[in-house]
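Just query.cif here, mmCIF, C-alpha atoms:
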data_structure
loop_
_atom_site.label_atom_id
_atom_site.label_comp_id
_atom_site.auth_asym_id
_atom_site.auth_seq_id
_atom_site.Cartn_x
_atom_site.Cartn_y
_atom_site.Cartn_z
CA MET A 251 137.52 1.98 162.63
CA SER A 252 134.30 -0.05 162.79
CA GLN A 253 133.43 1.55 166.14
CA PHE A 254 132.96 4.84 164.26
CA SER A 255 130.57 3.36 161.69
CA SER A 256 127.61 5.51 160.81
CA PRO A 257 124.37 4.41 159.16
CA MET A 258 124.13 4.69 155.39
CA PRO A 259 122.72 8.11 154.50
CA ASN A 260 119.26 8.44 153.00
CA ARG A 261 119.30 7.47 149.30
CA ASP A 262 117.32 10.59 148.27
CA PHE A 263 119.82 12.82 150.09
CA LEU A 264 122.75 11.09 148.39
CA TRP A 265 121.07 11.31 144.97
CA ASP A 266 120.52 15.04 145.45
CA VAL A 267 124.18 15.57 146.37
CA PHE A 268 125.32 13.32 143.52
CA GLN A 269 123.26 15.20 140.93
CA ARG A 270 124.45 18.58 142.17
CA VAL A 271 128.12 17.66 141.79
CA ASP A 272 127.82 15.61 138.58
CA ARG A 273 128.32 18.79 136.57
CA ASP A 274 128.78 17.10 133.21
CA ARG A 275 125.73 14.83 133.77
CA SER A 276 127.80 11.76 132.91
CA GLY A 277 126.31 9.64 135.68
CA PHE A 278 129.76 9.46 137.26
CA ILE A 279 131.69 11.76 139.56
CA ASN A 280 135.35 12.47 138.87
CA ALA A 281 137.89 13.82 141.37
CA ASP A 282 137.15 17.48 140.59
CA GLU A 283 133.42 16.95 141.02
CA LEU A 284 133.90 14.96 144.23
CA GLY A 285 135.95 17.82 145.63
CA LEU A 286 132.85 20.00 145.36
CA ALA A 287 130.88 17.58 147.53
CA LEU A 288 133.40 17.20 150.35
CA SER A 289 134.36 19.50 153.18
CA ASN A 290 137.36 19.25 155.45
CA GLY A 291 135.74 21.46 158.08
CA THR A 292 137.97 24.49 157.46
CA TRP A 293 136.16 26.05 154.49
CA SER A 294 139.17 25.20 152.36
CA PRO A 295 139.11 22.67 149.51
CA PHE A 296 139.51 19.00 150.33
CA ASN A 297 143.04 17.79 149.62
CA PRO A 298 143.11 16.68 145.94
CA GLU A 299 145.50 13.84 146.77
CA THR A 300 143.08 12.46 149.38
CA ILE A 301 140.28 12.67 146.82
CA ARG A 302 142.41 10.81 144.28
CA LEU A 303 143.15 8.04 146.79
CA MET A 304 139.48 7.66 147.69
CA ILE A 305 138.36 7.63 144.03
CA GLY A 306 140.90 4.85 143.49
CA MET A 307 139.47 2.88 146.40
CA PHE A 308 135.83 3.14 145.28
CA ASP A 309 136.20 3.17 141.49
CA ARG A 310 135.20 -0.38 140.54
CA ASN A 311 135.63 0.19 136.80
CA GLY A 312 139.09 1.78 136.79
CA ARG A 313 137.78 4.92 135.06
CA GLY A 314 138.93 7.45 137.64
CA GLN A 315 135.28 8.10 138.48
CA VAL A 316 132.63 6.74 140.82
CA SER A 317 129.07 5.75 140.04
CA PHE A 318 126.14 6.70 142.24
CA GLU A 319 126.35 3.36 144.08
CA ASP A 320 130.08 3.82 144.65
CA PHE A 321 129.43 7.41 145.74
CA GLY A 322 127.10 6.21 148.51
CA ALA A 323 129.78 3.89 149.88
CA LEU A 324 132.41 6.63 149.57
CA TRP A 325 130.14 9.13 151.37
CA LYS A 326 129.67 6.67 154.24
CA TYR A 327 133.44 6.05 154.32
CA VAL A 328 134.14 9.78 154.68
CA THR A 329 131.43 10.12 157.36
CA ASP A 330 132.96 7.24 159.33
CA TRP A 331 136.39 8.89 159.09
CA GLN A 332 134.83 12.15 160.26
CA ASN A 333 133.45 10.42 163.37
CA CYS A 334 136.87 8.86 163.99
CA PHE A 335 138.68 12.18 163.51
CA ARG A 336 136.38 13.99 165.93
CA SER A 337 136.92 11.36 168.61
CA TYR A 338 140.72 11.86 168.48
CA ASP A 339 140.60 15.65 168.13
CA ARG A 340 140.50 15.85 171.93
CA ASP A 341 140.76 19.64 172.11
CA ASN A 342 138.13 20.15 169.35
CA SER A 343 140.58 22.31 167.42
CA GLY A 344 139.56 20.92 164.03
CA ASN A 345 142.94 19.30 163.53
CA ILE A 346 145.03 16.48 164.95
CA ASP A 347 148.33 17.25 166.67
CA GLN A 348 151.21 14.84 167.19
CA ASN A 349 149.92 13.52 170.53
CA GLU A 350 146.38 13.03 169.19
CA LEU A 351 147.78 11.23 166.13
CA LYS A 352 149.81 8.93 168.35
CA ILE A 353 146.70 8.07 170.40
CA ALA A 354 144.69 7.41 167.22
CA LEU A 355 147.33 5.22 165.55
CA THR A 356 147.99 3.30 168.77
CA SER A 357 144.27 2.57 169.08
CA PHE A 358 144.34 1.31 165.47
CA GLY A 359 147.03 -1.19 166.53
CA TYR A 360 150.14 0.55 165.21
CA ARG A 361 153.27 0.56 167.35
CA ILE A 362 155.15 3.54 165.97
CA SER A 363 157.89 5.59 167.63
CA ASP A 364 157.44 9.26 168.46
CA LYS A 365 160.06 9.99 165.79
CA VAL A 366 157.93 8.37 163.07
CA ILE A 367 154.74 9.99 164.42
CA GLY A 368 156.52 13.35 164.10
CA LEU A 369 157.56 12.45 160.56
CA LEU A 370 153.93 11.60 159.69
CA VAL A 371 152.74 14.93 161.06
CA ARG A 372 155.35 16.80 159.00
CA LYS A 373 154.50 14.74 155.89
CA PHE A 374 150.74 15.28 156.07
CA ASP A 375 150.68 18.82 157.51
CA ARG A 376 149.88 20.88 154.43
CA HIS A 377 150.03 24.24 156.21
CA GLY A 378 153.14 23.82 158.38
CA ASN A 379 151.25 24.24 161.67
CA GLY A 380 152.36 20.98 163.27
CA THR A 381 148.86 19.57 162.87
CA ILE A 382 146.89 17.49 160.40
CA LEU A 383 143.50 18.51 159.00
CA PHE A 384 140.64 16.04 158.55
CA ASP A 385 141.28 15.26 154.87
CA ASP A 386 145.01 14.89 155.46
CA PHE A 387 144.27 12.55 158.39
CA ILE A 388 142.35 10.29 156.02
CA GLN A 389 145.27 10.34 153.58
CA CYS A 390 147.80 9.62 156.33
CA CYS A 391 145.79 6.63 157.54
CA ILE A 392 145.22 5.25 154.03
CA VAL A 393 148.92 5.53 153.14
CA LEU A 394 150.03 4.02 156.46
CA TYR A 395 147.56 1.14 156.10
CA THR A 396 148.60 0.46 152.48
CA LEU A 397 152.32 0.50 153.27
CA THR A 398 151.83 -1.65 156.36
CA SER A 399 149.80 -4.21 154.40
CA ALA A 400 152.51 -4.43 151.73
CA PHE A 401 155.16 -4.86 154.42
CA ARG A 402 153.17 -7.54 156.25
CA GLN A 403 152.87 -9.60 153.06
CA ARG A 404 156.65 -9.95 153.11
CA ASP A 405 157.00 -10.24 156.89
CA THR A 406 155.97 -13.89 156.91
CA ASP A 407 157.03 -14.53 160.52
CA GLN A 408 155.47 -11.24 161.70
CA ASP A 409 158.61 -10.12 163.56
CA GLY A 410 158.69 -6.61 162.08
CA TYR A 411 161.67 -7.30 159.80
CA ILE A 412 161.99 -8.14 156.13
CA THR A 413 164.91 -8.71 153.82
CA ILE A 414 164.26 -7.25 150.41
CA HIS A 415 166.29 -6.45 147.33
CA TYR A 416 166.23 -2.88 146.10
CA GLU A 417 164.30 -3.70 142.92
CA ASP A 418 161.75 -5.69 144.93
CA PHE A 419 161.36 -2.72 147.26
CA LEU A 420 160.80 -0.35 144.33
CA THR A 421 158.35 -2.78 142.74
CA MET A 422 156.48 -3.10 146.04
CA VAL A 423 156.21 0.66 146.62
CA PHE A 424 155.44 1.72 143.06
CA SER A 425 152.84 -1.02 142.64
CA LEU A 426 150.78 0.31 145.54
CA LYS A 427 147.64 2.33 144.88
CA ILE A 428 148.74 5.32 146.93
#
Would you kindly transcribe this structure into structure tokens?
Amino acid sequence: MSQFSSPMPNRDFLWDVFQRVDRDRSGFINADELGLALSNGTWSPFNPETIRLMIGMFDRNGRGQVSFEDFGALWKYVTDWQNCFRSYDRDNSGNIDQNELKIALTSFGYRISDKVIGLLVRKFDRHGNGTILFDDFIQCCIVLYTLTSAFRQRDTDQDGYITIHYEDFLTMVFSLKI
């Protein structure tokens, strides 16, 4: 996704946004407060599960909150995803359909069947329209990346196959931060 990298936003701009959403004046932003700062482009609230995943990624202290410094990195992360999303939303519909998702994931290096692409669309399509909104696209990509990374740790010969005991599988999946 580095080709979609945007410059870091102005510190004064970020501080203004941070202070507006830090409702309890704790100096940290929790998931509810972060939801106030983010937009998925449809005037509907950002997916709470996507917010939770991103807080987990940028929360260096394990408090379920992000500091101002972490907020700046998170803001840039969301902006980069927004640039990525727009480049694959070929019809400018504000959402990603199955074909657009396949193009995006293929460009990220995934080799996934149409059947699994369809499954991903159904899994991350909150409204049952056969499409994925911006915030759900982020969640889909984070979950796919996390699961793929866990799989690759066990796929030592990189042939796309692993042998795993049921308990090891459960431990692997439930240990992931998704």
Item checked: CA of Val366 in chain A to CA of Asp339 in chain A, distance in Å rounded to a single decimal ->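 Straight-line distance from CA of Val366 in chain A to CA of Asp339 in chain A works out to 19.5 Å.
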Checklist line | Explicit residue set for the PyMOL selection byres ((chain A and resi 319-332) around 9), as a ChimeraX atom specification | finding: /A:251-259,261,264-265,268,278-279,284,288,290,304-305,307-310,316-318,333-337,384-385,387-388
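Note that the spacing between CA of Arg313 in chain A and CA of Gly277 in chain A amounts to 12.4 Å.
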Next item on the list: Quick one: everything within 12 Å of Leu351 in chain A, counting only C-alpha atoms, minus sequence neighbours fewer than 3 positions away in the same chain. Send it as a VMD selection string.
Entry: chain A and resid 334 to 340 345 to 348 354 to 358 360 362 to 364 366 to 372 374 to 375 380 to 384 386 to 388 390 to 391
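The coordinates place CA of Gln389 in chain A at 19.7 Å from CA of Arg402 in chain A.
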Next item on the list: Give the answer as one residue: which of A:Met422, A:Ile353, A:Val267, A:Val393 has the shortest atom-to-atom distance to Glu299 in chain A, using all atoms listed in the file?
Entry: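 Nearest to Glu299 in chain A: A:Val393.
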